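The structure file query-v2.tsv is reproduced below (TSV, C-alpha atoms).
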```tsv
chain	number	residue	atom	x	y	z
A	1	MET	CA	-30.91	-5.33	12.45
A	2	GLN	CA	-30.93	-8.58	14.43
A	3	ARG	CA	-27.85	-9.63	12.44
A	4	LEU	CA	-26.06	-6.50	13.65
A	5	ARG	CA	-26.99	-7.32	17.24
A	6	ASP	CA	-25.80	-10.92	16.84
A	7	HIS	CA	-22.53	-9.63	15.42
A	8	ILE	CA	-21.92	-7.24	18.34
A	9	GLU	CA	-22.99	-9.86	20.86
A	10	GLU	CA	-20.32	-12.25	19.62
A	11	ILE	CA	-18.01	-9.89	21.53
A	12	THR	CA	-20.14	-8.28	24.24
A	13	SER	CA	-23.69	-8.69	25.48
A	14	LEU	CA	-26.23	-5.86	25.19
A	15	THR	CA	-29.54	-5.15	26.89
A	16	ASP	CA	-32.57	-4.58	24.63
A	17	GLU	CA	-32.54	-0.94	25.69
A	18	GLU	CA	-28.87	-0.53	24.79
A	19	PHE	CA	-29.33	-2.12	21.38
A	20	GLU	CA	-32.41	0.03	20.64
A	21	TYR	CA	-30.17	3.06	21.12
A	22	ILE	CA	-27.06	1.64	19.43
A	23	LYS	CA	-28.90	0.63	16.28
A	24	THR	CA	-29.98	4.24	15.65
A	25	PHE	CA	-26.35	4.92	14.66
A	26	PHE	CA	-26.49	2.41	11.80
A	27	THR	CA	-28.28	2.62	8.47
A	28	LEU	CA	-29.16	-0.44	6.42
A	29	ARG	CA	-28.38	-0.55	2.72
A	30	LYS	CA	-29.04	-3.15	0.02
A	31	VAL	CA	-26.27	-3.53	-2.54
A	32	ARG	CA	-26.50	-5.07	-5.99
A	33	LYS	CA	-23.70	-6.88	-7.80
A	34	ASN	CA	-21.22	-4.44	-9.38
A	35	GLN	CA	-22.61	-1.52	-7.37
A	36	PHE	CA	-20.09	0.74	-5.62
A	37	LEU	CA	-20.36	1.56	-1.94
A	38	LEU	CA	-17.46	3.95	-2.26
A	39	HIS	CA	-15.80	5.56	-5.23
A	40	GLU	CA	-12.30	7.04	-5.42
A	41	SER	CA	-12.27	10.76	-4.54
A	42	ASP	CA	-15.62	10.50	-2.69
A	43	GLU	CA	-15.78	11.77	0.84
A	44	VAL	CA	-15.41	8.66	3.05
A	45	LYS	CA	-18.58	9.06	5.11
A	46	PHE	CA	-19.02	5.49	6.28
A	47	GLU	CA	-17.50	2.22	7.21
A	48	PHE	CA	-19.60	-0.77	6.22
A	49	LEU	CA	-20.37	-4.03	7.98
A	50	ALA	CA	-21.32	-6.75	5.49
A	51	LEU	CA	-24.43	-8.61	6.69
A	52	ASP	CA	-24.07	-10.84	3.63
A	53	GLY	CA	-22.74	-10.67	0.06
A	54	ILE	CA	-19.13	-10.43	-1.14
A	55	TYR	CA	-17.19	-7.20	-1.67
A	56	LYS	CA	-13.78	-6.03	-2.77
A	57	VAL	CA	-11.79	-2.98	-1.71
A	58	PHE	CA	-9.29	-1.85	-4.34
A	59	TYR	CA	-7.43	1.09	-5.77
A	60	ILE	CA	-6.12	1.99	-9.20
A	61	ASP	CA	-2.50	3.06	-9.41
A	62	GLU	CA	-1.10	5.83	-11.59
A	63	ASN	CA	-0.49	3.33	-14.39
A	64	GLY	CA	-4.16	2.37	-14.38
A	65	LYS	CA	-3.52	-1.00	-12.75
A	66	GLU	CA	-6.06	-2.24	-10.20
A	67	HIS	CA	-4.83	-3.58	-6.83
A	68	ILE	CA	-7.15	-5.42	-4.44
A	69	VAL	CA	-6.47	-4.51	-0.82
A	70	GLN	CA	-9.07	-6.79	0.77
A	71	PHE	CA	-12.15	-8.86	0.15
A	72	ALA	CA	-15.08	-8.82	2.58
A	73	LYS	CA	-17.89	-11.22	3.38
A	74	LYS	CA	-20.50	-11.64	6.14
A	75	ASN	CA	-19.48	-9.96	9.40
A	76	TRP	CA	-16.42	-8.24	7.94
A	77	TRP	CA	-15.99	-4.50	8.18
A	78	MET	CA	-14.68	-2.56	5.23
A	79	THR	CA	-14.09	0.89	3.81
A	80	ASP	CA	-11.13	2.99	2.73
A	81	TYR	CA	-9.86	3.06	6.31
A	82	ILE	CA	-7.12	5.60	5.76
A	83	GLY	CA	-9.68	8.00	4.28
A	84	PHE	CA	-12.24	7.12	6.97
A	85	PHE	CA	-10.02	7.55	10.01
A	86	LYS	CA	-8.19	10.59	8.68
A	87	GLN	CA	-11.35	12.03	7.11
A	88	ASN	CA	-9.63	12.40	3.75
A	89	ASN	CA	-11.24	11.72	0.42
A	90	ALA	CA	-11.16	8.15	-0.80
A	91	THR	CA	-8.22	6.76	-2.72
A	92	MET	CA	-10.02	3.41	-2.90
A	93	PHE	CA	-13.18	1.87	-4.26
A	94	VAL	CA	-15.54	-0.55	-2.50
A	95	GLU	CA	-17.47	-2.69	-4.98
A	96	CYS	CA	-20.04	-5.41	-4.49
A	97	LEU	CA	-19.15	-8.75	-6.16
A	98	LYS	CA	-22.20	-10.66	-4.90
A	99	GLU	CA	-25.36	-8.86	-3.81
A	100	GLY	CA	-26.10	-8.40	-0.16
A	101	GLU	CA	-26.85	-5.97	2.62
A	102	VAL	CA	-24.55	-3.78	4.66
A	103	VAL	CA	-24.98	-1.46	7.61
A	104	CYS	CA	-23.24	1.92	7.46
A	105	LEU	CA	-21.65	3.77	10.39
A	106	THR	CA	-20.06	7.23	10.38
A	107	LEU	CA	-16.80	8.00	12.18
A	108	GLU	CA	-18.69	10.41	14.42
A	109	GLY	CA	-21.18	7.65	15.28
A	110	ARG	CA	-18.38	5.17	15.94
A	111	GLU	CA	-16.57	7.56	18.26
A	112	LYS	CA	-19.77	8.49	20.10
A	113	LEU	CA	-20.73	4.84	20.66
A	114	ALA	CA	-17.21	4.07	21.89
A	115	ALA	CA	-17.21	7.05	24.25
A	116	GLU	CA	-20.67	6.36	25.68
A	117	PHE	CA	-20.30	2.60	26.17
A	118	HIS	CA	-17.14	0.98	27.48
A	119	LYS	CA	-18.46	-2.26	25.98
A	120	MET	CA	-18.68	-0.69	22.50
A	121	GLU	CA	-15.14	0.69	22.90
A	122	HIS	CA	-14.19	-2.90	23.70
A	123	PHE	CA	-16.13	-4.23	20.71
A	124	PHE	CA	-14.37	-1.87	18.30
A	125	ARG	CA	-10.99	-2.69	19.85
A	126	VAL	CA	-11.56	-6.42	19.38
A	127	LYS	CA	-12.68	-5.92	15.76
A	128	LEU	CA	-9.63	-3.74	15.11
A	129	THR	CA	-7.41	-6.42	16.64
A	130	ASN	CA	-8.86	-8.96	14.22
A	131	GLY	CA	-8.47	-6.51	11.35
A	132	TYR	CA	-4.87	-5.88	12.36
A	133	ILE	CA	-4.16	-9.62	12.32
A	134	ALA	CA	-5.79	-9.96	8.89
A	135	LEU	CA	-3.66	-7.13	7.48
A	136	GLN	CA	-0.50	-8.65	8.94
A	137	GLN	CA	-1.44	-11.95	7.26
A	138	ARG	CA	-2.02	-10.04	4.02
A	139	ILE	CA	1.51	-8.60	4.30
A	140	THR	CA	3.04	-12.01	4.95
A	141	LEU	CA	1.16	-13.32	1.94
A	142	LEU	CA	2.47	-10.50	-0.26
A	143	LEU	CA	6.01	-11.06	0.96
A	144	SER	CA	5.89	-14.82	0.39
A	145	SER	CA	8.15	-15.86	-2.38
A	146	THR	CA	6.14	-18.07	-4.71
A	147	PRO	CA	2.65	-17.96	-6.27
A	148	GLN	CA	2.05	-21.44	-4.86
A	149	GLN	CA	2.82	-20.33	-1.30
A	150	ARG	CA	0.51	-17.33	-1.72
A	151	TYR	CA	-2.29	-19.45	-3.07
A	152	GLU	CA	-1.93	-22.06	-0.32
A	153	GLU	CA	-1.91	-19.42	2.38
A	154	PHE	CA	-5.02	-17.76	0.95
A	155	SER	CA	-6.80	-21.13	0.66
A	156	ARG	CA	-5.89	-21.97	4.24
A	157	LEU	CA	-7.04	-18.62	5.65
A	158	TYR	CA	-10.18	-18.19	3.55
A	159	PRO	CA	-11.37	-21.57	2.21
A	160	ASP	CA	-14.90	-20.20	1.68
A	161	LEU	CA	-13.83	-17.03	-0.11
A	162	ILE	CA	-11.72	-18.85	-2.65
A	163	LEU	CA	-14.81	-20.76	-3.78
A	164	GLN	CA	-16.95	-17.64	-4.18
A	165	ILE	CA	-14.66	-15.11	-5.80
A	166	PRO	CA	-13.98	-15.04	-9.55
A	167	LYS	CA	-10.50	-16.38	-10.30
A	168	LYS	CA	-9.42	-13.17	-11.98
A	169	TYR	CA	-9.83	-11.30	-8.68
A	170	VAL	CA	-8.07	-14.01	-6.69
A	171	ALA	CA	-5.18	-13.77	-9.17
A	172	GLU	CA	-5.09	-10.01	-8.79
A	173	TYR	CA	-5.25	-10.21	-4.98
A	174	LEU	CA	-2.37	-12.67	-4.93
A	175	GLY	CA	-0.36	-10.76	-7.50
A	176	VAL	CA	-0.07	-13.75	-9.85
A	177	SER	CA	-1.10	-14.21	-13.48
A	178	ARG	CA	-4.40	-15.93	-14.28
A	179	GLU	CA	-2.54	-18.71	-16.09
A	180	THR	CA	-0.44	-19.43	-13.01
A	181	LEU	CA	-3.51	-19.36	-10.80
A	182	SER	CA	-5.44	-21.76	-13.05
A	183	ARG	CA	-2.54	-24.18	-12.79
A	184	LEU	CA	-2.64	-23.93	-8.98
A	185	TYR	CA	-6.41	-24.54	-8.89
A	186	THR	CA	-5.98	-27.56	-11.16
A	187	ASN	CA	-3.20	-28.98	-9.03
A	188	ASP	CA	-5.24	-28.61	-5.90
A	189	ASN	CA	-7.26	-31.77	-5.35
A	190	LYS	CA	-9.62	-30.07	-2.95
A	191	TYR	CA	-11.41	-28.18	-5.74
B	1	MET	CA	8.35	5.60	33.27
B	2	GLN	CA	7.53	9.27	32.68
B	3	ARG	CA	7.95	8.59	28.94
B	4	LEU	CA	5.29	5.88	29.15
B	5	ARG	CA	2.95	8.30	30.92
B	6	ASP	CA	3.61	10.99	28.30
B	7	HIS	CA	2.87	8.45	25.59
B	8	ILE	CA	-0.47	7.39	27.11
B	9	GLU	CA	-1.40	11.00	27.84
B	10	GLU	CA	-1.06	11.90	24.18
B	11	ILE	CA	-4.37	10.03	23.91
B	12	THR	CA	-6.01	10.26	27.33
B	13	SER	CA	-5.22	12.06	30.60
B	14	LEU	CA	-4.45	10.10	33.78
B	15	THR	CA	-4.43	11.02	37.45
B	16	ASP	CA	-1.21	10.35	39.40
B	17	GLU	CA	-3.01	7.59	41.25
B	18	GLU	CA	-4.16	5.92	38.03
B	19	PHE	CA	-0.68	6.03	36.52
B	20	GLU	CA	0.90	4.63	39.70
B	21	TYR	CA	-1.35	1.60	39.26
B	22	ILE	CA	-1.10	1.35	35.47
B	23	LYS	CA	2.70	1.43	35.43
B	24	THR	CA	2.84	-1.71	37.60
B	25	PHE	CA	1.74	-3.64	34.49
B	26	PHE	CA	4.83	-2.58	32.53
B	27	THR	CA	8.44	-3.67	32.91
B	28	LEU	CA	11.34	-1.59	31.64
B	29	ARG	CA	14.10	-3.21	29.59
B	30	LYS	CA	17.32	-1.85	28.09
B	31	VAL	CA	18.21	-3.28	24.70
B	32	ARG	CA	21.60	-3.26	22.99
B	33	LYS	CA	22.20	-3.13	19.25
B	34	ASN	CA	21.72	-6.56	17.61
B	35	GLN	CA	19.97	-7.92	20.69
B	36	PHE	CA	16.73	-9.84	20.16
B	37	LEU	CA	13.56	-8.99	22.06
B	38	LEU	CA	11.83	-11.95	20.49
B	39	HIS	CA	13.10	-15.00	18.69
B	40	GLU	CA	11.19	-17.26	16.30
B	41	SER	CA	9.52	-20.18	18.14
B	42	ASP	CA	9.66	-18.33	21.49
B	43	GLU	CA	6.47	-17.97	23.43
B	44	VAL	CA	5.20	-14.43	22.65
B	45	LYS	CA	4.93	-13.14	26.21
B	46	PHE	CA	5.05	-9.41	25.53
B	47	GLU	CA	4.34	-6.56	23.25
B	48	PHE	CA	6.93	-3.80	23.42
B	49	LEU	CA	6.65	-0.05	23.38
B	50	ALA	CA	9.89	1.57	22.14
B	51	LEU	CA	10.85	4.48	24.42
B	52	ASP	CA	13.79	5.10	22.10
B	53	GLY	CA	16.09	3.15	19.74
B	54	ILE	CA	15.28	1.54	16.39
B	55	TYR	CA	13.97	-2.00	15.90
B	56	LYS	CA	12.95	-4.34	13.13
B	57	VAL	CA	10.33	-7.09	13.10
B	58	PHE	CA	11.04	-9.78	10.54
B	59	TYR	CA	10.60	-13.42	9.67
B	60	ILE	CA	12.62	-15.94	7.70
B	61	ASP	CA	10.76	-17.89	5.03
B	62	GLU	CA	11.20	-21.56	4.19
B	63	ASN	CA	13.88	-20.67	1.64
B	64	GLY	CA	15.90	-18.89	4.32
B	65	LYS	CA	15.06	-15.44	3.00
B	66	GLU	CA	14.49	-12.66	5.53
B	67	HIS	CA	11.39	-10.42	5.19
B	68	ILE	CA	10.98	-7.24	7.23
B	69	VAL	CA	7.39	-6.72	8.36
B	70	GLN	CA	7.89	-3.43	10.17
B	71	PHE	CA	10.42	-1.08	11.67
B	72	ALA	CA	9.79	0.62	15.01
B	73	LYS	CA	11.09	3.75	16.68
B	74	LYS	CA	10.16	5.91	19.68
B	75	ASN	CA	6.51	5.52	20.72
B	76	TRP	CA	5.82	2.64	18.32
B	77	TRP	CA	4.48	-0.66	19.58
B	78	MET	CA	5.82	-3.91	18.23
B	79	THR	CA	5.88	-7.65	18.64
B	80	ASP	CA	4.81	-10.69	16.62
B	81	TYR	CA	1.17	-9.62	16.90
B	82	ILE	CA	-0.34	-12.75	15.45
B	83	GLY	CA	1.56	-14.79	18.03
B	84	PHE	CA	0.77	-12.29	20.78
B	85	PHE	CA	-2.97	-11.99	20.21
B	86	LYS	CA	-3.50	-15.66	19.43
B	87	GLN	CA	-1.00	-16.77	22.10
B	88	ASN	CA	0.87	-18.89	19.60
B	89	ASN	CA	4.62	-19.25	19.48
B	90	ALA	CA	6.49	-16.63	17.49
B	91	THR	CA	7.03	-16.94	13.76
B	92	MET	CA	8.86	-13.61	13.83
B	93	PHE	CA	11.94	-12.02	15.33
B	94	VAL	CA	12.21	-8.58	16.95
B	95	GLU	CA	15.77	-7.25	16.79
B	96	CYS	CA	17.27	-3.99	18.00
B	97	LEU	CA	19.08	-1.98	15.27
B	98	LYS	CA	19.99	0.98	17.49
B	99	GLU	CA	20.16	0.66	21.27
B	100	GLY	CA	17.34	1.93	23.39
B	101	GLU	CA	14.78	1.12	26.04
B	102	VAL	CA	11.40	-0.55	25.76
B	103	VAL	CA	8.56	-1.27	28.14
B	104	CYS	CA	7.01	-4.73	28.03
B	105	LEU	CA	3.32	-5.57	28.52
B	106	THR	CA	1.69	-9.00	28.63
B	107	LEU	CA	-1.59	-9.78	26.85
B	108	GLU	CA	-3.15	-10.50	30.24
B	109	GLY	CA	-1.98	-7.09	31.50
B	110	ARG	CA	-3.27	-5.37	28.39
B	111	GLU	CA	-6.70	-6.96	28.69
B	112	LYS	CA	-6.91	-6.22	32.41
B	113	LEU	CA	-6.01	-2.55	31.92
B	114	ALA	CA	-8.56	-2.25	29.10
B	115	ALA	CA	-11.28	-3.92	31.19
B	116	GLU	CA	-10.62	-1.85	34.32
B	117	PHE	CA	-10.28	1.55	32.65
B	118	HIS	CA	-12.50	2.72	29.82
B	119	LYS	CA	-9.78	5.28	29.03
B	120	MET	CA	-7.18	2.53	28.61
B	121	GLU	CA	-9.56	0.60	26.36
B	122	HIS	CA	-9.79	3.84	24.38
B	123	PHE	CA	-6.00	4.26	24.37
B	124	PHE	CA	-5.44	0.76	22.99
B	125	ARG	CA	-8.17	1.25	20.39
B	126	VAL	CA	-6.56	4.48	19.16
B	127	LYS	CA	-3.13	2.84	18.99
B	128	LEU	CA	-4.61	-0.11	17.09
B	129	THR	CA	-6.29	2.30	14.70
B	130	ASN	CA	-2.92	3.91	13.99
B	131	GLY	CA	-1.33	0.49	13.64
B	132	TYR	CA	-4.08	-0.55	11.24
B	133	ILE	CA	-3.46	2.53	9.09
B	134	ALA	CA	0.30	1.84	9.09
B	135	LEU	CA	-0.27	-1.76	7.94
B	136	GLN	CA	-2.64	-0.62	5.22
B	137	GLN	CA	0.05	1.81	4.03
B	138	ARG	CA	2.57	-1.05	4.13
B	139	ILE	CA	0.26	-3.07	1.87
B	140	THR	CA	-0.19	-0.20	-0.57
B	141	LEU	CA	3.57	0.18	-0.63
B	142	LEU	CA	4.07	-3.53	-1.37
B	143	LEU	CA	1.47	-3.43	-4.12
B	144	SER	CA	2.95	-0.34	-5.76
B	145	SER	CA	4.43	-1.11	-9.10
B	146	THR	CA	7.91	0.35	-9.16
B	147	PRO	CA	10.89	0.49	-6.78
B	148	GLN	CA	10.88	4.25	-7.20
B	149	GLN	CA	7.23	4.56	-6.07
B	150	ARG	CA	7.96	2.34	-3.07
B	151	TYR	CA	10.99	4.36	-2.11
B	152	GLU	CA	9.17	7.69	-2.48
B	153	GLU	CA	6.23	6.48	-0.43
B	154	PHE	CA	8.51	5.22	2.34
B	155	SER	CA	10.47	8.52	2.33
B	156	ARG	CA	7.25	10.47	2.53
B	157	LEU	CA	5.78	8.43	5.38
B	158	TYR	CA	8.95	7.98	7.42
B	159	PRO	CA	11.51	10.70	6.55
B	160	ASP	CA	13.32	10.18	9.87
B	161	LEU	CA	13.50	6.38	9.62
B	162	ILE	CA	15.06	6.41	6.19
B	163	LEU	CA	17.99	8.41	7.56
B	164	GLN	CA	18.59	6.08	10.50
B	165	ILE	CA	18.21	2.62	9.03
B	166	PRO	CA	21.00	0.84	7.13
B	167	LYS	CA	20.27	0.82	3.41
B	168	LYS	CA	20.34	-2.97	3.21
B	169	TYR	CA	17.32	-3.13	5.52
B	170	VAL	CA	15.46	-0.40	3.66
B	171	ALA	CA	16.07	-2.36	0.44
B	172	GLU	CA	14.77	-5.52	2.05
B	173	TYR	CA	11.71	-3.76	3.48
B	174	LEU	CA	10.89	-2.31	0.07
B	175	GLY	CA	11.60	-5.55	-1.75
B	176	VAL	CA	14.16	-3.95	-4.07
B	177	SER	CA	17.81	-4.77	-4.71
B	178	ARG	CA	20.53	-2.77	-2.94
B	179	GLU	CA	21.83	-1.53	-6.30
B	180	THR	CA	18.41	-0.18	-7.24
B	181	LEU	CA	18.04	1.45	-3.86
B	182	SER	CA	21.46	3.12	-4.05
B	183	ARG	CA	20.44	4.60	-7.36
B	184	LEU	CA	17.24	5.95	-5.80
B	185	TYR	CA	19.13	7.49	-2.86
B	186	THR	CA	21.59	9.11	-5.28
B	187	ASN	CA	18.81	10.50	-7.46
B	188	ASP	CA	17.08	11.95	-4.44
B	189	ASN	CA	18.38	15.48	-3.89
B	190	LYS	CA	17.06	15.61	-0.35
B	191	TYR	CA	19.78	13.28	0.96
```

Hey, can you dump this file as structure tokens for me?
Amino acid sequence: MQRLRDHIEEITSLTDEEFEYIKTFFTLRKVRKNQFLLHESDEVKFEFLALDGIYKVFYIDENGKEHIVQFAKKNWWMTDYIGFFKQNNATMFVECLKEGEVVCLTLEGREKLAAEFHKMEHFFRVKLTNGYIALQQRITLLLSSTPQQRYEEFSRLYPDLILQIPKKYVAEYLGVSRETLSRLYTNDNKY
Amino acid sequence: MQRLRDHIEEITSLTDEEFEYIKTFFTLRKVRKNQFLLHESDEVKFEFLALDGIYKVFYIDENGKEHIVQFAKKNWWMTDYIGFFKQNNATMFVECLKEGEVVCLTLEGREKLAAEFHKMEHFFRVKLTNGYIALQQRITLLLSSTPQQRYEEFSRLYPDLILQIPKKYVAEYLGVSRETLSRLYTNDNKY
């Protein structure tokens, strides 16, 4: 749980007493590769903070096609946020791509922590601000005209992720074919 | 400013004294049709809350093509949020499509209000949560396979907006041609 404390204290400092209480809201969970933290049509009980590992959040459309909404790595939060915040059943899946550990927080726990501690309300606001920026960048990336621009933008934003995620998922995330993506990797002297 | 108070009090109640102080952080601005609240490469001084009117936030890519990131109407917040939160110059434009009034808030003002009042920190967190959900829906819409699915999703989420926004902008937002969109409008018995 020290990693959770470090993560919160990047935004706001906590006393030992405060953290002892705050940590009771979180549960630790180990996740193996290919294991699902959330499955479509499940109740969305938790959001997850990745302590390590790599994860993908995706949904399957009515034609059976998979669409990746986000990846997550250390210190990123993830879940089906529409289902979580609206307390609807999941329309998305959360799957582990590289084993790791997560901590799980319920919406009730999140709201209670935010109500009891101004500093936790602040923490969640800052994390949401960062999440909002990441989604806006995701939109810009999707709207960008060419596969090359999408690839370059993704490489620029997440140079570490692009090295750790199988190419087929990067291709899917960027909405380009695997052949096109392989060409972009080959053309890119950095890799 | 009563409309600003009503908007905040949808989330959290305020005393008269609190609102008298809080409102000093906001400036009121009338906006005419086709007027810009923000222009690419401007310093992003403000975020804007629409009290009424219709607005679009867009950027122009390196090929000169316009991409609409979001629309905004009464009680929606808007700006170039990446520029605003990171205090970079704007890469986006905010343009008025239907005249109205907005209130303007600086990042410094926002942070001060959030730090001084737990309830304002809460207010901004709730608004960010809603904004986050809207962006996630925008991503799902962009990832959806067919023009028809995109159009139906947009109609479902924003039935009032689709009636008020010129078709050419709806087409651009959905990433479909105007001809395709006209066909979808015609096929849709509701309109």

Each residue of chain B with at least one atom at most 9 Å from chain A should appear once, together with its nearest atom pair and the corresponding distance in Å (one decimal); atoms considered: only C-alpha atoms; ordering: chain, then increasing residue number; output as CSV.
```
residue,atom,partner,partner_atom,distance
B:Asp61,CA,A:Ser144,CA,7.4
B:Asn63,CA,A:Ser145,CA,8.5
B:Lys65,CA,A:Ser145,CA,8.8
B:His67,CA,A:Leu143,CA,6.9
B:Ile68,CA,A:Leu143,CA,8.9
B:Val69,CA,A:Ile139,CA,7.4
B:Tyr81,CA,A:Ile133,CA,7.0
B:Ile82,CA,A:Ile133,CA,5.8
B:Phe85,CA,A:Thr129,CA,8.0
B:Ala114,CA,A:His122,CA,7.8
B:Ala115,CA,A:His122,CA,8.1
B:Phe117,CA,A:His118,CA,8.6
B:His118,CA,A:His118,CA,5.5
B:Lys119,CA,A:His118,CA,8.7
B:Glu121,CA,A:His122,CA,6.4
B:His122,CA,A:Glu121,CA,6.4
B:Phe124,CA,A:Arg125,CA,7.3
B:Arg125,CA,A:Arg125,CA,4.9
B:Val126,CA,A:Arg125,CA,8.5
B:Leu128,CA,A:Leu128,CA,6.5
B:Thr129,CA,A:Leu128,CA,6.9
B:Asn130,CA,A:Phe85,CA,8.9
B:Gly131,CA,A:Tyr132,CA,7.4
B:Tyr132,CA,A:Tyr132,CA,5.5
B:Ile133,CA,A:Ile82,CA,5.8
B:Ala134,CA,A:Ile82,CA,9.0
B:Leu135,CA,A:Leu135,CA,6.4
B:Gln136,CA,A:Leu135,CA,7.0
B:Gln137,CA,A:Ile82,CA,8.3
B:Arg138,CA,A:Ile139,CA,7.6
B:Ile139,CA,A:Ile139,CA,6.2
B:Thr140,CA,A:Val69,CA,7.6
B:Leu142,CA,A:Leu142,CA,7.2
B:Leu143,CA,A:His67,CA,6.9
B:Ser144,CA,A:Asp61,CA,7.4
B:Ser145,CA,A:Asp61,CA,8.1
B:Gly175,CA,A:Leu143,CA,8.3
```

Original post:
Can you tell me how far CA of Arg150 in chain B sits from CA of Met78 in chain B, in Å to one decimal?
Top reply: 22.3 Å

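The gap separating CA of Ala50 in chain B from CA of Trp77 in chain B is 6.4 Å, in Å to one decimal.
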
Original post:
To one decimal place, how far is CA of Glu172 in chain A from CA of Phe154 in chain A in Å?
Top reply: 12.4 Å

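Every protein, DNA or RNA residue with an atom at most 9 Å from Lys74 in chain A, where only C-alpha atoms count and chain neighbours fewer than 3 positions away do not, is listed here: Leu49, Ala50, Leu51, Asp52, Gly53, Ile54, Trp77 and Val102 of chain A.
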
Original post:
What lies within 7 Å of Asn34 in chain A using all atoms listed in the file, ignoring chain neighbours under 3 positions off, as a ChimeraX atom specification?
Top reply: /A:95-97

What's the 8 Å shell around Phe46 in chain A, counting all atoms listed in the file, without same-chain residues fewer than 2 positions away, as an mmCIF file with C-alpha atoms, in the coordinates of the input?
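As written to disk, around_4.cif reads:
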```
data_model
loop_
_atom_site.group_PDB
_atom_site.id
_atom_site.type_symbol
_atom_site.label_atom_id
_atom_site.label_comp_id
_atom_site.auth_asym_id
_atom_site.auth_seq_id
_atom_site.Cartn_x
_atom_site.Cartn_y
_atom_site.Cartn_z
ATOM 1 C CA VAL A 44 -15.410 8.660 3.050
ATOM 2 C CA PHE A 48 -19.600 -0.770 6.220
ATOM 3 C CA THR A 79 -14.090 0.890 3.810
ATOM 4 C CA PHE A 84 -12.240 7.120 6.970
ATOM 5 C CA CYS A 104 -23.240 1.920 7.460
ATOM 6 C CA LEU A 105 -21.650 3.770 10.390
ATOM 7 C CA THR A 106 -20.060 7.230 10.380
ATOM 8 C CA LEU A 107 -16.800 8.000 12.180
#
```

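Neighbourhood of point (-13.9, -19.4, -2.6): residues with an atom at most 12 Å away, counting all atoms listed in the file, are Ile54, Phe71, Ala72, Lys73, Tyr151, Phe154, Ser155, Arg156, Leu157, Tyr158, Pro159, Asp160, Leu161, Ile162, Leu163, Gln164, Ile165, Pro166, Lys167, Tyr169, Val170, Tyr185, Lys190 and Tyr191 of chain A.
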
Could you save the residues just selected, with C-alpha atoms, as a PDB file, keeping the file's coordinate frame?
```pdb
ATOM      1  CA  ILE A  54     -19.130 -10.430  -1.140  1.00  0.00           C
ATOM      2  CA  PHE A  71     -12.150  -8.860   0.150  1.00  0.00           C
ATOM      3  CA  ALA A  72     -15.080  -8.820   2.580  1.00  0.00           C
ATOM      4  CA  LYS A  73     -17.890 -11.220   3.380  1.00  0.00           C
ATOM      5  CA  TYR A 151      -2.290 -19.450  -3.070  1.00  0.00           C
ATOM      6  CA  PHE A 154      -5.020 -17.760   0.950  1.00  0.00           C
ATOM      7  CA  SER A 155      -6.800 -21.130   0.660  1.00  0.00           C
ATOM      8  CA  ARG A 156      -5.890 -21.970   4.240  1.00  0.00           C
ATOM      9  CA  LEU A 157      -7.040 -18.620   5.650  1.00  0.00           C
ATOM     10  CA  TYR A 158     -10.180 -18.190   3.550  1.00  0.00           C
ATOM     11  CA  PRO A 159     -11.370 -21.570   2.210  1.00  0.00           C
ATOM     12  CA  ASP A 160     -14.900 -20.200   1.680  1.00  0.00           C
ATOM     13  CA  LEU A 161     -13.830 -17.030  -0.110  1.00  0.00           C
ATOM     14  CA  ILE A 162     -11.720 -18.850  -2.650  1.00  0.00           C
ATOM     15  CA  LEU A 163     -14.810 -20.760  -3.780  1.00  0.00           C
ATOM     16  CA  GLN A 164     -16.950 -17.640  -4.180  1.00  0.00           C
ATOM     17  CA  ILE A 165     -14.660 -15.110  -5.800  1.00  0.00           C
ATOM     18  CA  PRO A 166     -13.980 -15.040  -9.550  1.00  0.00           C
ATOM     19  CA  LYS A 167     -10.500 -16.380 -10.300  1.00  0.00           C
ATOM     20  CA  TYR A 169      -9.830 -11.300  -8.680  1.00  0.00           C
ATOM     21  CA  VAL A 170      -8.070 -14.010  -6.690  1.00  0.00           C
ATOM     22  CA  TYR A 185      -6.410 -24.540  -8.890  1.00  0.00           C
ATOM     23  CA  LYS A 190      -9.620 -30.070  -2.950  1.00  0.00           C
ATOM     24  CA  TYR A 191     -11.410 -28.180  -5.740  1.00  0.00           C
TER      25      TYR A 191
END
```

**OP:** Write out as a VMD selection string each polymer residue whose atoms come within 9 Å of Val31 in chain A, counting all atoms listed in the file; drop sequence neighbours fewer than 4 positions from it.
**Re:** chain A and resid 35 to 37 53 96 98 to 102

Could you please fill out range 24-28 of chain A with N, CA and C atoms and send it back as a compact mmCIF listing (two decimals), in the coordinates of the input?
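Wrote part.txt, looks like this:
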```txt
# COMPACT_ATOMS: atom_id res chain seq x y z
N THR A 24 -29.64 2.97 16.31
CA THR A 24 -29.98 4.24 15.65
C THR A 24 -28.77 4.86 14.96
N PHE A 25 -27.56 4.39 15.29
CA PHE A 25 -26.35 4.92 14.66
C PHE A 25 -26.07 4.27 13.30
N PHE A 26 -26.76 3.18 13.02
CA PHE A 26 -26.49 2.41 11.80
C PHE A 26 -27.62 2.59 10.79
N THR A 27 -27.25 2.64 9.51
CA THR A 27 -28.28 2.62 8.47
C THR A 27 -28.07 1.39 7.59
N LEU A 28 -29.19 0.78 7.21
CA LEU A 28 -29.16 -0.44 6.42
C LEU A 28 -29.16 -0.08 4.94
```
